[in-house]
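K.L.:
The following block contains the structure, expressed as structure tokens.
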Amino acid sequence: MRYVTSDLESLSFQSTNHQLIIVDQHWMIRSCNRAWERGFHRPFSHTARCHRHYLHLMEAWAAQQKDILPATTFAQDLRHNVVPFKQTHTYDISVTTPYNEERWFRVELTPLHDGPAMDTALALVAHTDITEQKKTELQLRQALTEARTLFGLLPICAVCKHIKDESEEWSSVEHYLEKHTSAEFTHDICPECIRRLYPKYSNVLDQPH
């Protein structure tokens with residue numbers, strides 16, 4: 001059974017920045033590219049030297065994550081629902097590196113059909129780093145939440161004019177806007193307040209500039 005059919009395919013497989021492996025129906029890693037060797041499996045290199053079982057690597061990864069439930073669910077779903085390889089499966093997973101850095105990968109499993117049969121004994125697994133995309137999505141969600149807050153109905157005190165935020169806490173208008181926007185405040189005094197508080201200076205306001 002051939003895994004790479006030409007020199008061009010071999011070059012493409014090895015040169016891409018995506019971390020690629022080929023697994024069989026027993027989840028044994030039959031082939032991998034250089035990006036995989038220097039990338040995702042590095043924190044588990046001691047495990048990889050003992051065996052080349054993809055699910056064991058994923059379960060070892062899941063055991064090291066801060067939020068273990070989604071990671072464990074991902075590994076279990078692969079074990080129980082994917083074999084035999086009939087269709088493409090896609091997962092987004094969060095990885096905590098040995099440097100305590102969170103990175104996101106999109107895992108795409110694609111059956112490698114060799115002929116008309118619907119089932120196949122091999123699948124291509126691609127790990128693509130989507131950390132920057134996830135960071136952008138988070139920033140957009142935060143901006144959308146802030147925009148909805150600012151354009152919605154804001155409870156404001158009828159006496160002191162403090163605003164109640166989403167945490168049910170009251171704060172000044174200045175503090176609220178500084179928290180929810182990029183605005184900064186400097187203080188001035190409007191003409192009406194000058195006339196009311198400092199009437200002897202109000203005639204200055206009426207002089208032509």
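Residues are named by chain letter and number: chains run A, B, ... in the order of the structure tokens, numbers start at 1 in each chain, and ligands are numbered from 1 in the order shown.
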So which residues of segment 48-147 of chain A fall under strand (DSSP E) by DSSP, listed as JSON, numbers by chain?

P.N.:
{"A": [89, 90, 91, 92, 93, 94, 95, 96, 102, 103, 104, 105, 106, 107, 108, 109, 110, 111, 122, 123, 124, 125, 126, 127, 128, 129]}

K.L.:
Any idea what's packed within 12 Å of Asn100 of chain A, counting only C-alpha atoms, ignoring anything in its chain fewer than 5 positions away? Could you give it as a list in words?

P.N.:
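Contacts, in chain order: Pro43, Gln64, Gln65, Lys66, Ser94 and Val95 of chain A.
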
K.L.:
Create the file for the chosen residues now, containing C-alpha atoms and written as a compact mmCIF listing (two decimals), in the first residue's frame.

P.N.:
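Result went into again.txt, see below:
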# COMPACT_ATOMS: atom_id res chain seq x y z
CA PRO A 43 6.03 18.07 24.47
CA GLN A 64 -1.68 17.83 30.77
CA GLN A 65 -4.28 20.47 29.92
CA LYS A 66 -5.66 22.94 32.46
CA SER A 94 -6.50 24.38 22.89
CA VAL A 95 -2.95 23.38 23.81

K.L.:
Show me, as a Markdown table, the residues of segment 102-146 of chain A having an atom within 7 Å of segment 12-34 of chain A, each with the closest atom pair and its distance in Å, using only C-alpha atoms.

P.N.:
| residue | atom | partner | partner_atom | distance |
| --- | --- | --- | --- | --- |
| A:Ala121 | CA | A:Gln25 | CA | 5.1 |
| A:Leu122 | CA | A:Asp24 | CA | 4.5 |
| A:Ala123 | CA | A:Val23 | CA | 5.5 |
| A:Leu124 | CA | A:Ile22 | CA | 4.6 |
| A:Val125 | CA | A:Ile21 | CA | 5.3 |
| A:Ala126 | CA | A:Leu20 | CA | 4.6 |
| A:His127 | CA | A:Gln19 | CA | 4.9 |
| A:Thr128 | CA | A:His18 | CA | 5.2 |

K.L.:
If we count only C-alpha atoms, what is near Asp165 of chain A at a cut-off of 10 Å, once residues fewer than 4 positions away on the same chain are taken out, given as a list in words?

P.N.:
Thr149, Leu154, Pro155, Ile156, Glu169, Trp170, Ser171, Tyr176 and His180 of chain A

K.L.:
Do you know which residues are at most 8 Å from Ala71 of chain A counting only C-alpha atoms, after dropping those on the same chain fewer than 4 positions away, and could you put them as a PyMOL selection string?

P.N.:
chain A and resi 61-63+65+67+75+93-94

K.L.:
Any idea what the distance is between atom CA of Val107 of chain A and atom CA of Gln76 of chain A?

P.N.:
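Taking atom CA of Val107 of chain A as the start and atom CA of Gln76 of chain A as the end point, the length is 14.4 Å.
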
K.L.:
Give the alpha helix (DSSP H) residues of segment 19-187 of chain A, as assigned by DSSP on the backbone, as a PyMOL selection string.

P.N.:
chain A and resi 34-38+45-50+54-63+68-81+131-151+173-180

K.L.:
Hey, can you spit out that residue selection with C-alpha atoms as a CSV table (one decimal), in the first residue's frame?

P.N.:
chain,number,residue,atom,x,y,z
A,34,ARG,CA,8.8,17.6,9.4
A,35,ALA,CA,6.4,20.2,10.7
A,36,TRP,CA,4.8,17.4,12.9
A,37,GLU,CA,8.2,16.3,14.2
A,38,ARG,CA,9.2,19.8,15.3
A,45,SER,CA,8.6,13.3,22.6
A,46,HIS,CA,9.4,10.9,25.4
A,47,THR,CA,6.0,9.2,24.7
A,48,ALA,CA,6.6,9.3,20.9
A,49,ARG,CA,9.9,7.4,21.3
A,50,CYS,CA,8.0,4.5,23.0
A,54,TYR,CA,-1.8,8.9,17.8
A,55,LEU,CA,-4.6,8.4,20.3
A,56,HIS,CA,-2.1,7.7,23.1
A,57,LEU,CA,-0.4,11.0,22.2
A,58,MET,CA,-3.7,12.8,22.3
A,59,GLU,CA,-4.7,11.3,25.6
A,60,ALA,CA,-1.3,12.2,27.1
A,61,TRP,CA,-1.9,15.8,25.8
A,62,ALA,CA,-5.4,15.8,27.3
A,63,ALA,CA,-4.0,14.8,30.7
A,68,ILE,CA,-9.1,18.7,31.0
A,69,LEU,CA,-12.8,18.0,30.2
A,70,PRO,CA,-12.9,19.4,26.6
A,71,ALA,CA,-9.5,17.8,25.9
A,72,THR,CA,-10.6,14.4,27.2
A,73,THR,CA,-13.9,14.6,25.3
A,74,PHE,CA,-11.9,15.3,22.0
A,75,ALA,CA,-9.7,12.2,22.6
A,76,GLN,CA,-12.7,10.0,23.5
A,77,ASP,CA,-14.6,11.1,20.4
A,78,LEU,CA,-11.8,10.1,18.2
A,79,ARG,CA,-11.5,6.7,19.8
A,80,HIS,CA,-15.2,5.9,19.7
A,81,ASN,CA,-16.8,7.7,16.8
A,131,THR,CA,-3.9,30.8,17.5
A,132,GLU,CA,-3.9,34.3,15.9
A,133,GLN,CA,-7.4,33.6,14.4
A,134,LYS,CA,-8.7,32.7,17.8
A,135,LYS,CA,-7.2,35.8,19.4
A,136,THR,CA,-8.9,37.9,16.7
A,137,GLU,CA,-12.2,36.2,17.3
A,138,LEU,CA,-11.9,36.9,21.0
A,139,GLN,CA,-11.1,40.5,20.5
A,140,LEU,CA,-14.1,40.8,18.1
A,141,ARG,CA,-16.4,39.1,20.6
A,142,GLN,CA,-15.3,41.5,23.4
A,143,ALA,CA,-15.7,44.5,21.1
A,144,LEU,CA,-19.2,43.3,20.1
A,145,THR,CA,-20.2,42.8,23.8
A,146,GLU,CA,-19.0,46.3,24.6
A,147,ALA,CA,-20.8,47.8,21.6
A,148,ARG,CA,-24.0,46.0,22.6
A,149,THR,CA,-23.6,47.3,26.2
A,150,LEU,CA,-23.1,50.9,25.0
A,151,PHE,CA,-26.0,50.8,22.5
A,173,VAL,CA,-20.0,57.9,33.9
A,174,GLU,CA,-16.2,58.6,33.4
A,175,HIS,CA,-15.2,55.2,35.0
A,176,TYR,CA,-17.8,53.3,32.9
A,177,LEU,CA,-16.7,54.8,29.6
A,178,GLU,CA,-13.0,54.3,30.4
A,179,LYS,CA,-13.7,50.7,31.1
A,180,HIS,CA,-15.9,50.0,28.0
